>>> print(open('work_22.cif').read())   # mmCIF, C-alpha atoms
data_input
#
loop_
_atom_site.label_atom_id
_atom_site.label_comp_id
_atom_site.auth_asym_id
_atom_site.auth_seq_id
_atom_site.Cartn_x
_atom_site.Cartn_y
_atom_site.Cartn_z
CA MET A 1 253.53 131.21 17.82
CA ARG A 2 256.30 129.25 19.50
CA LEU A 3 259.51 129.88 17.58
CA VAL A 4 262.81 128.05 18.03
CA VAL A 5 265.87 129.50 16.28
CA VAL A 6 268.65 126.92 15.97
CA THR A 7 272.06 128.43 15.40
CA GLY A 8 275.72 127.67 16.06
CA VAL A 9 278.86 126.61 14.27
CA SER A 10 278.94 124.35 11.24
CA GLY A 11 279.23 120.69 12.14
CA ALA A 12 277.65 121.09 15.59
CA GLY A 13 274.38 119.35 14.66
CA LYS A 14 272.03 122.09 13.45
CA SER A 15 270.56 119.93 10.68
CA THR A 16 269.90 117.09 13.12
CA ALA A 17 268.25 119.52 15.55
CA LEU A 18 266.05 120.98 12.81
CA ARG A 19 264.95 117.53 11.64
CA ALA A 20 264.06 116.68 15.24
CA LEU A 21 261.90 119.79 15.46
CA GLU A 22 260.20 118.85 12.20
CA ASP A 23 259.44 115.39 13.60
CA LEU A 24 257.88 117.13 16.61
CA GLY A 25 255.45 118.95 14.32
CA TYR A 26 257.27 122.27 13.96
CA TYR A 27 257.04 124.10 10.63
CA CYS A 28 260.73 124.30 9.69
CA ALA A 29 262.95 126.36 7.41
CA ASP A 30 266.71 126.35 6.89
CA ASN A 31 268.99 129.34 6.23
CA LEU A 32 266.28 131.97 6.46
CA PRO A 33 267.70 135.51 6.07
CA MET A 34 267.27 137.33 9.36
CA PRO A 35 265.39 140.34 7.88
CA LEU A 36 262.70 137.94 6.61
CA LEU A 37 262.02 136.50 10.06
CA PRO A 38 259.21 138.95 11.00
CA LYS A 39 257.44 138.30 7.68
CA PHE A 40 257.94 134.54 8.15
CA VAL A 41 256.26 134.66 11.58
CA GLU A 42 253.50 136.95 10.31
CA LEU A 43 252.75 134.59 7.43
CA LEU A 44 252.61 131.50 9.63
CA SER A 45 250.41 133.29 12.15
CA THR A 46 247.67 133.41 9.52
CA ARG A 47 247.55 129.61 9.47
CA ALA A 48 245.42 128.30 12.33
CA GLU A 49 246.97 124.84 12.16
CA ILE A 50 250.53 126.14 12.67
CA ASP A 51 251.40 127.21 16.20
CA ARG A 52 255.13 126.46 16.32
CA ALA A 53 258.05 126.84 13.97
CA GLY A 54 261.75 126.03 13.93
CA LEU A 55 264.44 127.47 11.73
CA VAL A 56 268.18 127.55 11.30
CA ILE A 57 269.85 130.96 11.10
CA ASP A 58 273.63 130.91 11.03
CA ALA A 59 276.78 132.43 9.56
CA ARG A 60 275.57 131.79 6.04
CA GLY A 61 273.39 134.87 6.60
CA GLY A 62 276.44 137.13 6.46
CA GLU A 63 275.53 140.81 6.62
CA PHE A 64 271.88 139.92 7.20
CA LEU A 65 272.84 139.17 10.84
CA GLN A 66 273.68 142.78 11.65
CA ASP A 67 270.16 143.62 12.87
CA THR A 68 269.75 140.40 14.86
CA THR A 69 269.12 142.03 18.26
CA ALA A 70 266.45 144.44 17.04
CA ILE A 71 264.65 141.83 14.92
CA LEU A 72 264.46 139.26 17.71
CA ALA A 73 263.30 141.94 20.16
CA GLY A 74 260.51 142.83 17.75
CA ILE A 75 259.37 139.22 17.51
CA ARG A 76 259.19 138.95 21.29
CA ALA A 77 257.43 142.33 21.59
CA ALA A 78 254.74 141.04 19.23
CA GLY A 79 253.88 138.40 21.83
CA HIS A 80 255.54 135.36 20.28
CA SER A 81 257.55 132.86 22.31
CA LEU A 82 261.09 132.89 20.93
CA GLU A 83 264.01 130.75 22.02
CA VAL A 84 267.49 130.75 20.51
CA LEU A 85 269.42 127.47 20.79
CA PHE A 86 273.15 127.77 20.15
CA LEU A 87 275.02 124.55 19.27
CA ASP A 88 278.79 124.37 19.56
CA ALA A 89 281.61 121.86 19.90
CA GLY A 90 285.39 121.86 20.22
CA ASP A 91 287.42 122.61 17.10
CA ASP A 92 289.05 119.16 17.07
CA ILE A 93 285.64 117.48 17.11
CA LEU A 94 284.31 119.75 14.37
CA LEU A 95 287.40 119.10 12.24
CA ARG A 96 286.88 115.38 12.61
CA ARG A 97 283.23 115.67 11.64
CA PHE A 98 284.08 117.65 8.52
CA SER A 99 286.71 115.07 7.64
CA GLU A 100 284.21 112.23 8.04
CA THR A 101 281.44 113.89 6.02
CA ARG A 102 283.82 115.53 3.52
CA ARG A 103 281.63 118.63 3.51
CA ARG A 104 283.07 122.05 2.81
CA HIS A 105 283.00 124.61 5.61
CA PRO A 106 280.91 127.60 4.44
CA LEU A 107 283.55 130.19 5.43
CA SER A 108 286.77 128.46 4.44
CA ASP A 109 288.42 126.64 1.57
CA THR A 110 291.19 124.53 3.07
CA ASP A 111 291.86 126.08 6.49
CA ILE A 112 288.81 124.95 8.47
CA ARG A 113 290.16 126.31 11.78
CA SER A 114 290.30 129.77 10.25
CA GLY A 115 286.76 129.31 8.99
CA LEU A 116 285.54 128.30 12.44
CA ARG A 117 287.07 131.42 13.98
CA ALA A 118 285.41 133.63 11.37
CA GLU A 119 282.13 131.81 11.87
CA ARG A 120 282.13 132.32 15.63
CA ASP A 121 282.83 136.03 15.08
CA GLN A 122 279.83 136.34 12.77
CA LEU A 123 277.63 134.55 15.28
CA THR A 124 278.45 136.86 18.20
CA LEU A 125 275.05 138.56 18.23
CA LEU A 126 273.13 135.30 17.99
CA ARG A 127 275.27 133.81 20.74
CA GLN A 128 274.41 136.76 22.98
CA GLU A 129 270.71 136.16 22.30
CA ALA A 130 270.90 132.44 23.11
CA ASN A 131 268.53 131.09 25.76
CA ALA A 132 270.31 127.75 25.73
CA MET A 133 273.80 126.68 24.69
CA VAL A 134 274.64 123.04 24.07
CA ASP A 135 278.05 121.50 23.53
CA THR A 136 277.37 118.61 21.16
CA GLY A 137 280.94 117.29 21.27
CA ALA A 138 279.97 114.31 23.40
CA LEU A 139 276.51 113.82 21.90
CA THR A 140 275.56 111.22 19.31
CA VAL A 141 272.88 112.01 16.75
CA HIS A 142 270.41 109.99 18.84
CA LEU A 143 271.25 111.82 22.04
CA LEU A 144 270.86 115.20 20.35
CA ARG A 145 267.45 114.17 19.01
CA ALA A 146 266.45 113.02 22.51
CA LEU A 147 267.56 116.38 23.92
CA MET A 148 265.40 118.20 21.37
CA GLN A 149 262.44 115.97 22.22
CA GLU A 150 262.86 116.65 25.92
CA ARG A 151 263.28 120.41 25.56
CA TYR A 152 260.88 121.25 22.75
CA GLY A 153 258.39 118.39 22.69
CA SER A 154 255.15 118.08 24.61
CA ALA A 155 253.11 115.26 26.07
CA GLU A 156 251.42 114.86 22.68
CA ASP A 157 254.81 114.38 21.02
CA ASP A 158 255.77 111.39 23.15
CA LEU A 159 256.59 108.02 21.62
CA SER A 160 253.48 106.27 20.34
CA VAL A 161 253.48 102.50 20.82
CA THR A 162 251.24 100.15 18.85
CA LEU A 163 250.54 96.62 20.06
CA VAL A 164 249.65 94.37 17.13
CA SER A 165 248.24 90.90 17.68
CA PHE A 166 248.83 88.55 14.74
CA GLY A 167 248.97 84.93 13.63
CA PHE A 168 252.33 83.43 12.70
CA LYS A 169 250.70 81.35 10.00
CA HIS A 170 249.68 84.59 8.26
CA GLY A 171 253.19 86.07 8.39
CA LEU A 172 255.07 88.51 10.61
CA PRO A 173 254.01 92.18 10.62
CA THR A 174 256.70 93.90 8.59
CA GLU A 175 256.58 97.02 10.77
CA ALA A 176 257.39 95.19 14.02
CA ASP A 177 260.19 96.52 16.23
CA VAL A 178 259.66 93.84 18.90
CA VAL A 179 258.08 90.40 18.40
CA LEU A 180 256.64 88.32 21.25
CA ASP A 181 255.72 84.66 20.63
CA VAL A 182 252.85 83.36 22.81
CA ARG A 183 252.24 80.05 21.03
CA PHE A 184 253.42 78.15 24.11
CA LEU A 185 250.36 79.25 26.10
CA PRO A 186 247.25 77.01 26.38
CA ASN A 187 245.17 77.42 23.24
CA PRO A 188 241.43 78.21 23.59
CA PHE A 189 240.92 76.99 20.02
CA PHE A 190 240.89 73.43 21.33
CA VAL A 191 238.22 74.16 23.97
CA PRO A 192 234.82 73.48 22.32
CA ASN A 193 232.90 76.35 23.85
CA LEU A 194 235.73 78.85 23.23
CA SER A 195 236.91 77.94 19.73
CA ALA A 196 234.40 80.13 17.87
CA LEU A 197 235.07 83.12 20.12
CA SER A 198 238.01 85.53 20.06
CA GLY A 199 240.34 87.12 22.56
CA GLU A 200 237.91 90.04 22.77
CA ASP A 201 235.44 87.79 24.59
CA GLU A 202 235.63 87.65 28.38
CA ALA A 203 235.50 83.84 28.50
CA VAL A 204 238.60 83.54 26.28
CA PHE A 205 240.38 86.33 28.17
CA SER A 206 239.77 84.60 31.50
CA PHE A 207 240.83 81.20 30.16
CA VAL A 208 244.17 82.54 28.94
CA MET A 209 244.93 84.84 31.87
CA GLN A 210 244.09 82.35 34.62
CA ASN A 211 247.09 80.23 33.62
CA PRO A 212 250.13 80.83 35.89
CA ASP A 213 252.49 80.69 32.91
CA THR A 214 250.51 83.45 31.21
CA ARG A 215 250.72 85.75 34.21
CA ALA A 216 254.45 85.13 34.60
CA PHE A 217 255.00 85.79 30.90
CA VAL A 218 253.03 89.04 30.92
CA ASP A 219 254.98 90.28 33.95
CA LYS A 220 258.29 89.67 32.16
CA ALA A 221 256.97 91.05 28.87
CA GLU A 222 255.88 94.27 30.57
CA GLU A 223 259.33 94.63 32.10
CA LEU A 224 260.98 94.02 28.72
CA LEU A 225 258.75 96.50 26.89
CA ARG A 226 259.25 99.25 29.45
CA LEU A 227 263.00 98.84 29.09
CA SER A 228 262.73 98.82 25.28
CA ILE A 229 260.50 101.90 25.28
CA GLN A 230 263.04 103.81 27.36
CA GLY A 231 265.63 102.97 24.71
CA PHE A 232 263.31 103.96 21.86
CA ARG A 233 262.75 107.33 23.51
CA ARG A 234 266.49 107.90 23.87
CA GLU A 235 266.86 107.08 20.18
CA GLY A 236 264.27 109.72 19.36
CA LYS A 237 261.77 107.31 17.80
CA SER A 238 258.28 108.69 17.28
CA TYR A 239 256.61 105.31 16.77
CA ALA A 240 257.26 101.75 17.89
CA THR A 241 255.37 98.57 17.06
CA VAL A 242 255.23 95.53 19.31
CA ALA A 243 253.91 92.42 17.53
CA ILE A 244 252.40 89.65 19.66
CA GLY A 245 251.84 86.39 17.81
CA CYS A 246 250.05 83.11 18.33
CA THR A 247 249.17 80.53 15.69
CA GLY A 248 246.20 82.18 14.02
CA GLY A 249 245.98 85.57 15.71
CA ARG A 250 242.46 85.20 17.15
CA HIS A 251 242.80 84.10 20.77
CA ARG A 252 246.04 84.18 22.77
CA SER A 253 247.78 87.05 21.01
CA VAL A 254 244.66 89.19 21.28
CA VAL A 255 244.40 88.54 25.03
CA ILE A 256 248.07 89.33 25.68
CA ALA A 257 247.89 92.52 23.60
CA LYS A 258 244.87 93.66 25.60
CA GLU A 259 246.49 92.87 28.95
CA LEU A 260 249.79 94.57 28.08
CA GLY A 261 247.88 97.56 26.74
CA GLN A 262 246.02 97.94 30.03
CA ARG A 263 249.26 97.82 31.99
CA LEU A 264 251.29 100.15 29.78
CA ARG A 265 248.79 102.84 28.88
CA LYS A 266 248.92 104.33 32.37
CA ASP A 267 252.06 106.25 31.41
CA ILE A 268 252.64 105.44 27.72
CA THR A 269 250.64 106.38 24.62
CA ILE A 270 249.31 103.00 23.48
CA SER A 271 247.12 101.84 20.60
CA ILE A 272 246.08 98.24 19.96
CA ARG A 273 245.38 96.59 16.62
CA HIS A 274 244.29 92.99 16.07
CA ARG A 275 245.47 92.17 12.56
CA ASP A 276 244.12 88.65 12.13
CA ILE A 277 241.21 88.47 14.56
CA GLN A 278 238.66 88.11 11.75
CA ARG A 279 240.44 85.17 10.12
CA THR A 280 239.26 81.61 10.70
CA GLY A 281 241.32 78.54 11.65
CA ALA A 282 243.60 77.59 14.53
CA ALA A 283 244.26 80.51 16.88
#
>>> encode(input="work_22.cif", output="structure tokens")
Amino acid sequence: MRLVVVTGVSGAGKSTALRALEDLGYYCADNLPMPLLPKFVELLSTRAEIDRAGLVIDARGGEFLQDTTAILAGIRAAGHSLEVLFLDAGDDILLRRFSETRRRHPLSDTDIRSGLRAERDQLTLLRQEANAMVDTGALTVHLLRALMQERYGSAEDDLSVTLVSFGFKHGLPTEADVVLDVRFLPNPFFVPNLSALSGEDEAVFSFVMQNPDTRAFVDKAEELLRLSIQGFRREGKSYATVAIGCTGGRHRSVVIAKELGQRLRKDITISIRHRDIQRTGAA
């Protein structure tokens, strides 16, 4: 079992970090009492489909934190991979965050600074156990999610990109994050021996790709998508959809989706779907 314990002061981003772990496929729990941690790991270990878990343990645990060192040592001695991530930020930043969210600090009524001091005292043992400490004061929610992806994700957790070919006359795909319009390219529909075929056929593919405008467009589109994908990763997106449209969705859009897929899948997880390829009419 790979176990990530997220801890730290209130307002430092523990909930965001836990949600990021959940999106990465971790089995997650919030505010688990420390004495229950060995039983929690033992229970999950009986489930073959669960090999990693994330949980928040913090000052809300109160006296349950007294045996932190011994309990974590026992988890590691049992052969599990355990990492403690401690999130913190400056008091002024935490005060501002509490003011913006209007949430109550768990250890204070009106004097939040006093509550933060008490909280840090209670977290001393967990702080000493931390494998990584992150100051989230300068991090946005998106940057924190990206940090979690980078540190606790794997190659299988990378952004998945779907290229969808479609026909504008059948409507835009509602899930599209990026839309590319290729209706300006020469249309095989008006070539007698190509009209009945689709972009999956080599003759149509060659007809579309041999045009200099097509090649120039695909070069620029690849550059645009690589830049967009970098941004999606920084935002912590798990999925992105690129819609490529021609008139009917049978010829040009299919060809461009195939070509971009070939170029991008060398270093990006790509799937291709041709939404309207089976429809009849102008393509």
>>> resolve_selection(input="work_22.cif", expression="the PyMOL selection byres ((chain A and resi 149) around 10)", output="list in words")
Ala17, Ala20, Leu21, Asp23, Leu24, Leu143, Leu144, Arg145, Ala146, Leu147, Met148, Glu150, Arg151, Tyr152, Gly153, Ser154, Asp157, Asp158, Leu159, Arg233, Arg234, Gly236, Lys237 and Ser238 of chain A
>>> resolve_selection(input="work_22.cif", expression="the PyMOL selection byres ((chain A and resi 32) around 8)", output="PyMOL selection string")
chain A and resi 29-31+33-34+36-37+55-57+61
>>> resolve_selection(input="work_22.cif", expression="the PyMOL selection byres ((chain A and resi 84) around 9)", output="list in words")
Leu3, Val4, Val5, Val6, Thr7, Leu82, Glu83, Leu85, Phe86, Leu126, Arg127, Glu129, Ala130, Asn131, Ala132 and Met133 of chain A
>>> closest_residue(input="work_22.cif", among="A:Ala257, A:Val191, A:Met1, A:Ala243", to="Val218 of chain A", atoms="all atoms listed in the file")
A:Ala257
>>> atom_distance(input="work_22.cif", atom1="atom CA of Ala89 of chain A", atom2="atom CA of Ser10 of chain A")
9.4 Å
